[in-house]
$ cat start08.txt   # compact mmCIF, C-alpha atoms
# COMPACT_ATOMS: atom_id res chain seq x y z
CA MET A 1 63.04 26.35 -40.40
CA LYS A 2 66.69 25.95 -39.55
CA ARG A 3 65.78 25.74 -35.90
CA CYS A 4 63.23 23.07 -36.53
CA PHE A 5 65.74 21.10 -38.54
CA LEU A 6 68.38 21.50 -35.83
CA ILE A 7 65.92 20.33 -33.15
CA MET A 8 65.05 17.29 -35.22
CA VAL A 9 68.71 16.39 -35.74
CA LEU A 10 69.47 16.79 -32.03
CA ALA A 11 66.37 14.77 -31.11
CA THR A 12 67.39 11.92 -33.39
CA MET A 13 70.88 11.95 -31.98
CA PHE A 14 69.77 11.82 -28.37
CA ALA A 15 66.67 9.69 -28.79
CA PRO A 16 68.58 6.37 -28.85
CA ALA A 17 70.49 7.48 -25.79
CA ALA A 18 67.23 8.31 -24.02
CA VAL A 19 65.78 4.93 -24.90
CA PHE A 20 68.98 3.28 -23.70
CA CYS A 21 68.79 5.21 -20.44
CA GLN A 22 65.18 4.16 -19.99
CA GLU A 23 66.18 0.55 -20.57
CA ILE A 24 68.92 0.78 -17.95
CA GLU A 25 66.49 2.35 -15.49
CA ARG A 26 63.97 -0.34 -16.27
CA GLN A 27 66.52 -3.12 -15.66
CA GLU A 28 67.27 -1.69 -12.25
CA ASP A 29 63.54 -1.71 -11.40
CA PRO A 30 62.73 -4.64 -9.01
CA GLU A 31 59.41 -5.36 -10.72
CA TYR A 32 61.15 -5.66 -14.08
CA GLN A 33 63.77 -7.97 -12.58
CA MET A 34 61.04 -10.10 -11.03
CA GLU A 35 59.20 -10.30 -14.35
CA MET A 36 62.40 -11.31 -16.15
CA ARG A 37 63.08 -14.01 -13.54
CA GLU A 38 59.55 -15.36 -13.96
CA ARG A 39 59.99 -15.47 -17.73
CA GLN A 40 63.33 -17.19 -17.33
CA MET A 41 61.77 -19.76 -14.98
CA GLU A 42 58.91 -20.36 -17.43
CA LEU A 43 61.42 -20.98 -20.22
CA GLU A 44 63.40 -23.38 -18.06
CA GLN A 45 60.21 -25.17 -17.07
CA ARG A 46 59.15 -25.53 -20.70
CA ASP A 47 62.60 -26.83 -21.62
CA ALA A 48 62.43 -29.37 -18.79
CA GLU A 49 58.93 -30.45 -19.88
CA MET A 50 60.03 -30.86 -23.47
CA GLY A 51 63.06 -32.86 -22.37
CA PHE A 52 60.86 -35.08 -20.20
CA GLN A 53 58.39 -35.67 -23.03
CA GLN A 54 61.22 -36.51 -25.41
CA SER A 55 62.64 -38.99 -22.90
CA MET A 56 59.22 -40.58 -22.45
CA ARG A 57 58.81 -40.95 -26.23
CA GLU A 58 62.22 -42.58 -26.47
CA LEU A 59 61.36 -44.98 -23.63
CA GLU A 60 58.04 -45.89 -25.26
CA LEU A 61 59.82 -46.52 -28.54
CA GLU A 62 62.41 -48.71 -26.83
CA LYS A 63 59.64 -50.59 -25.01
CA SER A 64 57.85 -51.21 -28.30
CA LYS A 65 61.06 -52.49 -29.90
CA ILE A 66 61.68 -54.88 -27.02
CA GLU A 67 58.10 -56.10 -27.13
CA LEU A 68 58.31 -56.73 -30.88
CA GLU A 69 61.56 -58.62 -30.43
CA ARG A 70 60.00 -60.76 -27.69
CA MET A 71 57.04 -61.52 -29.92
CA ARG A 72 59.34 -62.55 -32.76
CA ARG A 73 61.38 -64.79 -30.50
CA GLY A 74 58.31 -66.09 -28.71
CA HIS A 75 56.63 -67.31 -31.87
CA LYS A 76 59.71 -69.22 -32.92
CA HIS A 77 60.14 -70.94 -29.57
CA ARG A 78 56.49 -71.74 -29.00
CA LYS A 79 56.07 -73.78 -32.18
CA HIS A 80 59.07 -76.03 -31.70
CA PRO A 81 58.30 -77.47 -28.26
CA PHE A 82 54.74 -78.32 -29.26
CA LEU A 83 55.87 -79.97 -32.47
CA LEU A 84 58.62 -81.81 -30.61
CA LEU A 85 56.10 -83.02 -28.01
CA VAL A 86 53.79 -84.36 -30.73
CA VAL A 87 56.63 -86.21 -32.44
CA ILE A 88 57.78 -87.73 -29.15
CA VAL A 89 54.24 -88.89 -28.30
CA HIS A 90 53.84 -90.49 -31.74
CA ILE A 91 57.15 -92.32 -31.41
CA LEU A 92 56.40 -93.56 -27.88
CA VAL A 93 52.96 -94.76 -28.95
CA ALA A 94 54.47 -96.63 -31.91
CA VAL A 95 57.05 -98.26 -29.65
CA TRP A 96 54.31 -99.38 -27.27
CA VAL A 97 52.29 -100.87 -30.15
CA TYR A 98 55.41 -102.65 -31.45
CA GLN A 99 56.19 -104.14 -28.03
CA ASP A 100 52.58 -105.22 -27.58
CA ILE A 101 52.52 -106.92 -30.99
CA ARG A 102 55.75 -108.80 -30.24
CA LYS A 103 54.56 -109.80 -26.77
CA ARG A 104 51.29 -111.21 -28.07
CA ASN A 105 52.74 -112.64 -31.30
CA ALA A 106 49.71 -111.25 -33.09
CA GLY A 107 49.07 -108.33 -35.38
CA SER A 108 51.15 -106.82 -38.13
CA GLY A 109 53.49 -103.93 -38.83
CA ILE A 110 50.65 -101.88 -40.28
CA TRP A 111 49.61 -100.98 -36.71
CA ILE A 112 53.02 -99.45 -36.08
CA VAL A 113 52.65 -97.24 -39.15
CA ILE A 114 49.13 -96.26 -38.10
CA ALA A 115 50.38 -95.41 -34.59
CA LEU A 116 53.21 -93.29 -36.05
CA LEU A 117 50.92 -91.35 -38.38
CA ALA A 118 47.74 -91.06 -36.33
CA GLY A 119 49.24 -90.95 -32.85
CA LEU A 120 46.79 -91.41 -30.00
CA LEU A 121 43.85 -91.91 -32.33
CA GLY A 122 45.66 -94.82 -34.02
CA VAL A 123 46.44 -96.38 -30.65
CA LEU A 124 42.80 -96.08 -29.64
CA VAL A 125 41.74 -97.96 -32.79
CA TYR A 126 44.46 -100.58 -32.12
CA ALA A 127 43.24 -101.02 -28.54
CA VAL A 128 39.64 -101.52 -29.70
CA VAL A 129 40.73 -104.12 -32.27
CA ARG A 130 42.94 -105.84 -29.69
CA LEU A 131 40.07 -106.04 -27.20
CA GLY A 132 37.93 -107.58 -29.93
CA ASP A 133 40.64 -110.18 -30.61
CA GLU A 134 40.85 -111.11 -26.93
CA ASP A 135 37.09 -111.62 -26.76
CA LYS A 136 37.24 -114.04 -29.76
CA LYS A 137 40.08 -116.03 -28.19
CA LYS A 138 38.16 -116.54 -24.94
CA GLU A 139 35.23 -118.13 -26.79
$ encode --input "start08.txt" --output "structure tokens"
Amino acid sequence: MKRCFLIMVLATMFAPAAVFCQEIERQEDPEYQMEMRERQMELEQRDAEMGFQQSMRELELEKSKIELERMRRGHKHRKHPFLLLVVIVHILVAVWVYQDIRKRNAGSGIWIVIALLAGLLGVLVYAVVRLGDEDKKKE
């Protein structure tokens, strides 16, 4: 029994050393080194892939932010030129009606107001009425 106990104690003392020796021998083995290099390369490749994917996500996010900002700015700038163009057309039409009324010495200021409010439609009505007046004067 004492021998068995002594063998067990010696085995437990030298077992870690034997495992350590096997590990050293294994590290010196070319196949083991090749396997470790392959694993290291796989890890580096995965890290590179993850870094690339993260960069792509950041770029997509930045692209979306820029696109949203353009949309916000675009809506503001698109409304103003159209509105400005409409106002300018209404004013020019009213000025034309005013000059025509003064030149002909006929009509009233109500046509200027109609031209300002209705724009081209008001001028069309004014032109039709004016043509009707010219026909009556010829007779």
$ closest_atom_pairs --input "start08.txt" --of "stretch 63-92 of chain A" --to "stretch 96-103 of chain A" --cutoff "10 Å" --atoms "all atoms listed in the file" --output "JSON lines"
{"residue": "A:His90", "atom": "CA", "partner": "A:Trp96", "partner_atom": "CA", "distance": 10.0}
{"residue": "A:Ile91", "atom": "CA", "partner": "A:Trp96", "partner_atom": "CA", "distance": 8.7}
{"residue": "A:Leu92", "atom": "CA", "partner": "A:Trp96", "partner_atom": "CA", "distance": 6.2}
$ residues_near_point --input "start08.txt" --point "(51.0, -99.5, -36.6)" --cutoff "10 Å" --atoms "only C-alpha atoms" --output "PyMOL selection string"
chain A and resi 93-98+101+107-119+122-123+126
$ atom_distance --input "start08.txt" --atom1 "atom CA of A:Leu121" --atom2 "atom CA of A:Val89"
11.5 Å
$ atom_distance --input "start08.txt" --atom1 "atom CA of A:Leu120" --atom2 "atom CA of A:Leu85"
12.7 Å
$ decode --input "start08.txt" --residues "stretch 63-105 of chain A" --atoms "C-alpha atoms" --output "mmCIF file, in the first residue's frame"
data_model
loop_
_atom_site.group_PDB
_atom_site.id
_atom_site.type_symbol
_atom_site.label_atom_id
_atom_site.label_comp_id
_atom_site.auth_asym_id
_atom_site.auth_seq_id
_atom_site.Cartn_x
_atom_site.Cartn_y
_atom_site.Cartn_z
ATOM 1 C CA LYS A 63 -24.033 58.722 -46.283
ATOM 2 C CA SER A 64 -27.520 58.534 -44.789
ATOM 3 C CA LYS A 65 -26.847 61.583 -42.617
ATOM 4 C CA ILE A 66 -25.623 63.581 -45.605
ATOM 5 C CA GLU A 67 -28.619 62.509 -47.665
ATOM 6 C CA LEU A 68 -31.033 63.533 -44.905
ATOM 7 C CA GLU A 69 -29.317 66.897 -44.582
ATOM 8 C CA ARG A 70 -29.557 67.434 -48.347
ATOM 9 C CA MET A 71 -33.241 66.573 -48.268
ATOM 10 C CA ARG A 72 -33.846 69.033 -45.436
ATOM 11 C CA ARG A 73 -31.977 71.795 -47.231
ATOM 12 C CA GLY A 74 -33.489 70.879 -50.583
ATOM 13 C CA HIS A 75 -37.065 71.228 -49.392
ATOM 14 C CA LYS A 76 -36.396 74.664 -47.980
ATOM 15 C CA HIS A 77 -34.737 75.952 -51.135
ATOM 16 C CA ARG A 78 -37.191 74.436 -53.577
ATOM 17 C CA LYS A 79 -40.255 76.170 -52.148
ATOM 18 C CA HIS A 80 -38.838 79.675 -52.112
ATOM 19 C CA PRO A 81 -37.830 80.042 -55.775
ATOM 20 C CA PHE A 82 -41.201 78.772 -56.973
ATOM 21 C CA LEU A 83 -43.077 81.101 -54.644
ATOM 22 C CA LEU A 84 -40.814 83.985 -55.633
ATOM 23 C CA LEU A 85 -41.414 83.243 -59.326
ATOM 24 C CA VAL A 86 -45.197 83.269 -58.816
ATOM 25 C CA VAL A 87 -45.071 86.585 -56.970
ATOM 26 C CA ILE A 88 -42.887 88.144 -59.675
ATOM 27 C CA VAL A 89 -45.233 86.949 -62.440
ATOM 28 C CA HIS A 90 -48.263 88.368 -60.613
ATOM 29 C CA ILE A 91 -46.557 91.722 -60.140
ATOM 30 C CA LEU A 92 -45.403 91.930 -63.771
ATOM 31 C CA VAL A 93 -48.880 91.027 -65.005
ATOM 32 C CA ALA A 94 -50.432 93.716 -62.794
ATOM 33 C CA VAL A 95 -47.953 96.300 -64.087
ATOM 34 C CA TRP A 96 -48.807 95.369 -67.671
ATOM 35 C CA VAL A 97 -52.547 95.709 -66.964
ATOM 36 C CA TYR A 98 -51.950 99.092 -65.286
ATOM 37 C CA GLN A 99 -49.929 100.388 -68.245
ATOM 38 C CA ASP A 100 -52.539 99.131 -70.699
ATOM 39 C CA ILE A 101 -55.357 100.824 -68.782
ATOM 40 C CA ARG A 102 -53.463 104.136 -68.695
ATOM 41 C CA LYS A 103 -52.552 103.896 -72.377
ATOM 42 C CA ARG A 104 -56.141 103.285 -73.449
ATOM 43 C CA ASN A 105 -57.716 105.614 -70.868
#
